[in-house]
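Worksheet: one structure, shown below.
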2 protein chains.
Amino acid sequence: MEEQAEMVGRAFVDHYYQLFDNDRASLCSLYQPTSILTFEGQIIQGVDDISRKLNQLPFDQCHHLISTIDSQPSAFAGGIIVFVSGSLQLQGEDHPLRFSQMFHLIPKLQGAFFVQNDIFRLNYG
Amino acid sequence: MEEQAEMVGRAFVDHYYQLFDNDRASLCSLYQPTSILTFEGQIIQGVDDISRKLNQLPFDQCHHLISTIDSQPSAFAGGIIVFVSGSLQLQGEDHPLRFSQMFHLIPKLQGAFFVQNDIFRLNYG
C-alpha cells in the first residue's frame, strides 16, 4: 500500500507541476465539482472556481522545483495523501519562493485520481 | 461543513501542540493502530511505533509556535484535513526551525477524532 501510494504520489506530482508550469489551463482536468482548494488561506470550491483562481494568479511564467514528496495511503477514503515541499521561481524575480502543498487524491474510474483536497502555502522565513 | 472543519482543526492543533510541548507521552492517545506518520521522510505505522518515535526525538523541551492553520472537510473519509505551518523552538537553540505538518483526522465515537495520517517536514530555507 505504501509503495503504491509513493508511486502514484510521485507520478501525480510530476504531472501536476508539469501542467502548472507549461499548460496551466489544463489543471482543471485534475479537479472535480466536489474539490476544495485553500490557496494562501482563501478557500475555493469546485472545478470552475479553482480553475479560474489558478489561471488568474498574478504571474505568467513560473517553474516549480520539487524538494520532497511524502505520500501515504488514505485508508478511510481509498485515496492517497501527497505532501510536497519545493520552491517556485517566477519569471523576472530574483529569489524563488519556498512553498508547501498537500493533495488528497481520490480514485475515479480506470486507475485515475482526482484532487479532492488541495492546500497551498508559501513558507515565509 | 467548512466552518466545522475550521473549528475542529483549530481545536485539534491547540490540543496537539500543547500535548507535544508539555506532555509528549500523551500524544499516543491521538493515534490508532491504523495511523501512519511520515517524519522527515521516515514512515512509521501504528500507535506504538509512532509514540516511540515522538518520545525518542533528540530533544526534550520544545515550544511550537503556530503561524497558519488551514482545514478542509475530507468528504470521502468523513474526516478533516488540517495543514499547519509554524516554527519549533528547541531548548538551548538560538534559531527556531520552520516546519509544515498535515493531519488527516478521522471521527471515532462521541465526536472525537484520531490522527489517521500525519506528515511532518522541516522547511529548509
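Ligands are numbered from 1 in the order shown, chains are lettered A, B, ... in the order of the C-alpha cells, and residues start at 1 in each chain.
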Rows by chain and residue number, chain B within 10 Å of chain A, shortest pair, only C-alpha atoms, as JSON lines:
{"residue": "B:Glu2", "atom": "CA", "partner": "A:Ile43", "partner_atom": "CA", "distance": 8.9}
{"residue": "B:Thr34", "atom": "CA", "partner": "A:Ala75", "partner_atom": "CA", "distance": 8.2}
{"residue": "B:Ser35", "atom": "CA", "partner": "A:Ala75", "partner_atom": "CA", "distance": 9.1}
{"residue": "B:Ile36", "atom": "CA", "partner": "A:Gln72", "partner_atom": "CA", "distance": 7.5}
{"residue": "B:Leu37", "atom": "CA", "partner": "A:Gln72", "partner_atom": "CA", "distance": 8.7}
{"residue": "B:Thr38", "atom": "CA", "partner": "A:Asp70", "partner_atom": "CA", "distance": 7.2}
{"residue": "B:Phe39", "atom": "CA", "partner": "A:Asp70", "partner_atom": "CA", "distance": 9.3}
{"residue": "B:Glu40", "atom": "CA", "partner": "A:Asp70", "partner_atom": "CA", "distance": 8.8}
{"residue": "B:Gly41", "atom": "CA", "partner": "A:Asp70", "partner_atom": "CA", "distance": 6.5}
{"residue": "B:Gln42", "atom": "CA", "partner": "A:Asp70", "partner_atom": "CA", "distance": 9.2}
{"residue": "B:Ile43", "atom": "CA", "partner": "A:Gln72", "partner_atom": "CA", "distance": 8.7}
{"residue": "B:Ser67", "atom": "CA", "partner": "A:Tyr124", "partner_atom": "CA", "distance": 9.7}
{"residue": "B:Thr68", "atom": "CA", "partner": "A:Gly41", "partner_atom": "CA", "distance": 8.2}
{"residue": "B:Ile69", "atom": "CA", "partner": "A:Gly41", "partner_atom": "CA", "distance": 8.3}
{"residue": "B:Asp70", "atom": "CA", "partner": "A:Gly41", "partner_atom": "CA", "distance": 6.5}
{"residue": "B:Ser71", "atom": "CA", "partner": "A:Thr38", "partner_atom": "CA", "distance": 8.4}
{"residue": "B:Gln72", "atom": "CA", "partner": "A:Asn117", "partner_atom": "CA", "distance": 7.3}
{"residue": "B:Pro73", "atom": "CA", "partner": "A:Asn117", "partner_atom": "CA", "distance": 8.3}
{"residue": "B:Ser74", "atom": "CA", "partner": "A:Asn117", "partner_atom": "CA", "distance": 7.2}
{"residue": "B:Ala75", "atom": "CA", "partner": "A:Gln116", "partner_atom": "CA", "distance": 7.9}
{"residue": "B:Phe76", "atom": "CA", "partner": "A:Ala77", "partner_atom": "CA", "distance": 5.0}
{"residue": "B:Ala77", "atom": "CA", "partner": "A:Ala77", "partner_atom": "CA", "distance": 4.5}
{"residue": "B:Gly78", "atom": "CA", "partner": "A:Phe76", "partner_atom": "CA", "distance": 8.2}
{"residue": "B:Gly79", "atom": "CA", "partner": "A:Phe76", "partner_atom": "CA", "distance": 8.7}
{"residue": "B:Ile81", "atom": "CA", "partner": "A:Asn117", "partner_atom": "CA", "distance": 8.2}
{"residue": "B:Val82", "atom": "CA", "partner": "A:Ile119", "partner_atom": "CA", "distance": 9.2}
{"residue": "B:Phe83", "atom": "CA", "partner": "A:Ile119", "partner_atom": "CA", "distance": 7.3}
{"residue": "B:Val84", "atom": "CA", "partner": "A:Arg121", "partner_atom": "CA", "distance": 9.4}
{"residue": "B:Ser85", "atom": "CA", "partner": "A:Asn123", "partner_atom": "CA", "distance": 7.8}
{"residue": "B:Gly86", "atom": "CA", "partner": "A:Asn123", "partner_atom": "CA", "distance": 9.1}
{"residue": "B:Ser87", "atom": "CA", "partner": "A:Gly125", "partner_atom": "CA", "distance": 9.7}
{"residue": "B:Leu97", "atom": "CA", "partner": "A:Gly125", "partner_atom": "CA", "distance": 9.6}
{"residue": "B:Arg98", "atom": "CA", "partner": "A:Gly125", "partner_atom": "CA", "distance": 7.4}
{"residue": "B:Phe99", "atom": "CA", "partner": "A:Asn123", "partner_atom": "CA", "distance": 8.8}
{"residue": "B:Ser100", "atom": "CA", "partner": "A:Ser100", "partner_atom": "CA", "distance": 7.1}
{"residue": "B:Gln101", "atom": "CA", "partner": "A:Phe83", "partner_atom": "CA", "distance": 8.9}
{"residue": "B:Met102", "atom": "CA", "partner": "A:Met102", "partner_atom": "CA", "distance": 7.9}
{"residue": "B:His104", "atom": "CA", "partner": "A:Ser74", "partner_atom": "CA", "distance": 8.3}
{"residue": "B:Ile106", "atom": "CA", "partner": "A:Phe76", "partner_atom": "CA", "distance": 7.9}
{"residue": "B:Gln116", "atom": "CA", "partner": "A:Ala75", "partner_atom": "CA", "distance": 7.9}
{"residue": "B:Asn117", "atom": "CA", "partner": "A:Ser74", "partner_atom": "CA", "distance": 7.2}
{"residue": "B:Asp118", "atom": "CA", "partner": "A:Gln72", "partner_atom": "CA", "distance": 8.9}
{"residue": "B:Ile119", "atom": "CA", "partner": "A:Phe83", "partner_atom": "CA", "distance": 7.3}
{"residue": "B:Phe120", "atom": "CA", "partner": "A:Phe83", "partner_atom": "CA", "distance": 9.0}
{"residue": "B:Arg121", "atom": "CA", "partner": "A:Ser85", "partner_atom": "CA", "distance": 8.3}
{"residue": "B:Leu122", "atom": "CA", "partner": "A:Ser85", "partner_atom": "CA", "distance": 9.5}
{"residue": "B:Asn123", "atom": "CA", "partner": "A:Asn123", "partner_atom": "CA", "distance": 7.7}
{"residue": "B:Tyr124", "atom": "CA", "partner": "A:Arg98", "partner_atom": "CA", "distance": 8.8}
{"residue": "B:Gly125", "atom": "CA", "partner": "A:Gly125", "partner_atom": "CA", "distance": 7.1}
Selected residues, C-alpha atoms, written as a compact mmCIF listing (two decimals), in the first residue's frame, please.
# COMPACT_ATOMS: atom_id res chain seq x y z
CA GLU B 2 -16.07 24.28 6.15
CA THR B 34 -4.03 2.16 11.57
CA SER B 35 -2.26 5.53 11.88
CA ILE B 36 0.70 6.48 9.70
CA LEU B 37 3.31 9.14 10.47
CA THR B 38 5.90 10.32 7.96
CA PHE B 39 8.53 12.23 9.90
CA GLU B 40 11.18 13.89 7.74
CA GLY B 41 10.68 11.14 5.16
CA GLN B 42 10.65 8.20 7.60
CA ILE B 43 7.39 6.21 7.52
CA SER B 67 1.67 30.55 12.05
CA THR B 68 -1.19 29.22 9.91
CA ILE B 69 -3.92 26.56 10.17
CA ASP B 70 -5.86 25.54 7.06
CA SER B 71 -8.65 22.99 7.49
CA GLN B 72 -10.93 21.30 4.99
CA PRO B 73 -13.60 18.61 5.24
CA SER B 74 -12.34 15.28 3.87
CA ALA B 75 -15.51 14.38 2.02
CA PHE B 76 -14.78 10.76 1.13
CA ALA B 77 -13.50 9.82 4.57
CA GLY B 78 -15.97 11.81 6.68
CA GLY B 79 -12.95 13.41 8.30
CA ILE B 81 -7.68 17.62 6.82
CA VAL B 82 -5.57 20.10 8.79
CA PHE B 83 -2.48 21.78 7.35
CA VAL B 84 -0.22 23.66 9.76
CA SER B 85 2.80 25.91 9.35
CA GLY B 86 4.84 27.25 12.20
CA SER B 87 8.14 27.18 13.98
CA LEU B 97 13.08 25.73 12.96
CA ARG B 98 10.29 26.36 10.45
CA PHE B 99 8.04 23.36 9.80
CA SER B 100 4.94 22.28 7.90
CA GLN B 101 2.71 19.44 9.04
CA MET B 102 -0.55 17.91 7.90
CA HIS B 104 -5.90 13.68 8.40
CA ILE B 106 -10.99 10.57 11.23
CA GLN B 116 -5.01 8.62 10.62
CA ASN B 117 -2.33 10.42 8.55
CA ASP B 118 0.41 12.70 9.87
CA ILE B 119 3.19 14.15 7.71
CA PHE B 120 5.88 16.39 9.20
CA ARG B 121 8.63 18.29 7.39
CA LEU B 122 11.11 20.91 8.45
CA ASN B 123 11.32 23.75 5.92
CA TYR B 124 14.90 24.28 4.93
CA GLY B 125 15.47 27.78 3.60
Exercise for review: Please run DSSP on the backbone and report, as a VMD selection string, all residues within chain B that come out as alpha helix (DSSP H).
Suggested key: chain B and resid 2 to 22 47 to 55
Practice item. Extract the full set of strand (DSSP E) residues from chain B according to DSSP on the backbone, and format it as a ChimeraX atom specification. Key: /B:31-39,42-45,62-74,79-90,97-107,113-122
Can you write just those residues out, C-alpha atoms, as a compact mmCIF listing (two decimals), in the first residue's frame?
# COMPACT_ATOMS: atom_id res chain seq x y z
CA TYR B 31 -3.30 7.83 17.23
CA GLN B 32 -4.73 4.39 16.44
CA PRO B 33 -3.27 1.09 15.18
CA THR B 34 -4.03 2.16 11.57
CA SER B 35 -2.26 5.53 11.88
CA ILE B 36 0.70 6.48 9.70
CA LEU B 37 3.31 9.14 10.47
CA THR B 38 5.90 10.32 7.96
CA PHE B 39 8.53 12.23 9.90
CA GLN B 42 10.65 8.20 7.60
CA ILE B 43 7.39 6.21 7.52
CA ILE B 44 6.17 4.89 10.89
CA GLN B 45 2.96 2.90 11.35
CA CYS B 62 10.40 22.39 22.86
CA HIS B 63 7.83 25.01 22.00
CA HIS B 64 5.72 25.10 18.84
CA LEU B 65 4.59 28.47 17.57
CA ILE B 66 1.78 28.15 15.02
CA SER B 67 1.67 30.55 12.05
CA THR B 68 -1.19 29.22 9.91
CA ILE B 69 -3.92 26.56 10.17
CA ASP B 70 -5.86 25.54 7.06
CA SER B 71 -8.65 22.99 7.49
CA GLN B 72 -10.93 21.30 4.99
CA PRO B 73 -13.60 18.61 5.24
CA SER B 74 -12.34 15.28 3.87
CA GLY B 79 -12.95 13.41 8.30
CA ILE B 80 -10.99 16.64 8.34
CA ILE B 81 -7.68 17.62 6.82
CA VAL B 82 -5.57 20.10 8.79
CA PHE B 83 -2.48 21.78 7.35
CA VAL B 84 -0.22 23.66 9.76
CA SER B 85 2.80 25.91 9.35
CA GLY B 86 4.84 27.25 12.20
CA SER B 87 8.14 27.18 13.98
CA LEU B 88 9.68 24.92 16.57
CA GLN B 89 11.90 26.36 19.26
CA LEU B 90 14.20 23.81 20.87
CA LEU B 97 13.08 25.73 12.96
CA ARG B 98 10.29 26.36 10.45
CA PHE B 99 8.04 23.36 9.80
CA SER B 100 4.94 22.28 7.90
CA GLN B 101 2.71 19.44 9.04
CA MET B 102 -0.55 17.91 7.90
CA PHE B 103 -3.03 15.75 9.75
CA HIS B 104 -5.90 13.68 8.40
CA LEU B 105 -8.40 13.36 11.24
CA ILE B 106 -10.99 10.57 11.23
CA PRO B 107 -14.01 10.57 13.57
CA PHE B 113 -11.18 12.39 16.17
CA PHE B 114 -7.99 10.40 15.80
CA VAL B 115 -5.00 11.05 13.54
CA GLN B 116 -5.01 8.62 10.62
CA ASN B 117 -2.33 10.42 8.55
CA ASP B 118 0.41 12.70 9.87
CA ILE B 119 3.19 14.15 7.71
CA PHE B 120 5.88 16.39 9.20
CA ARG B 121 8.63 18.29 7.39
CA LEU B 122 11.11 20.91 8.45
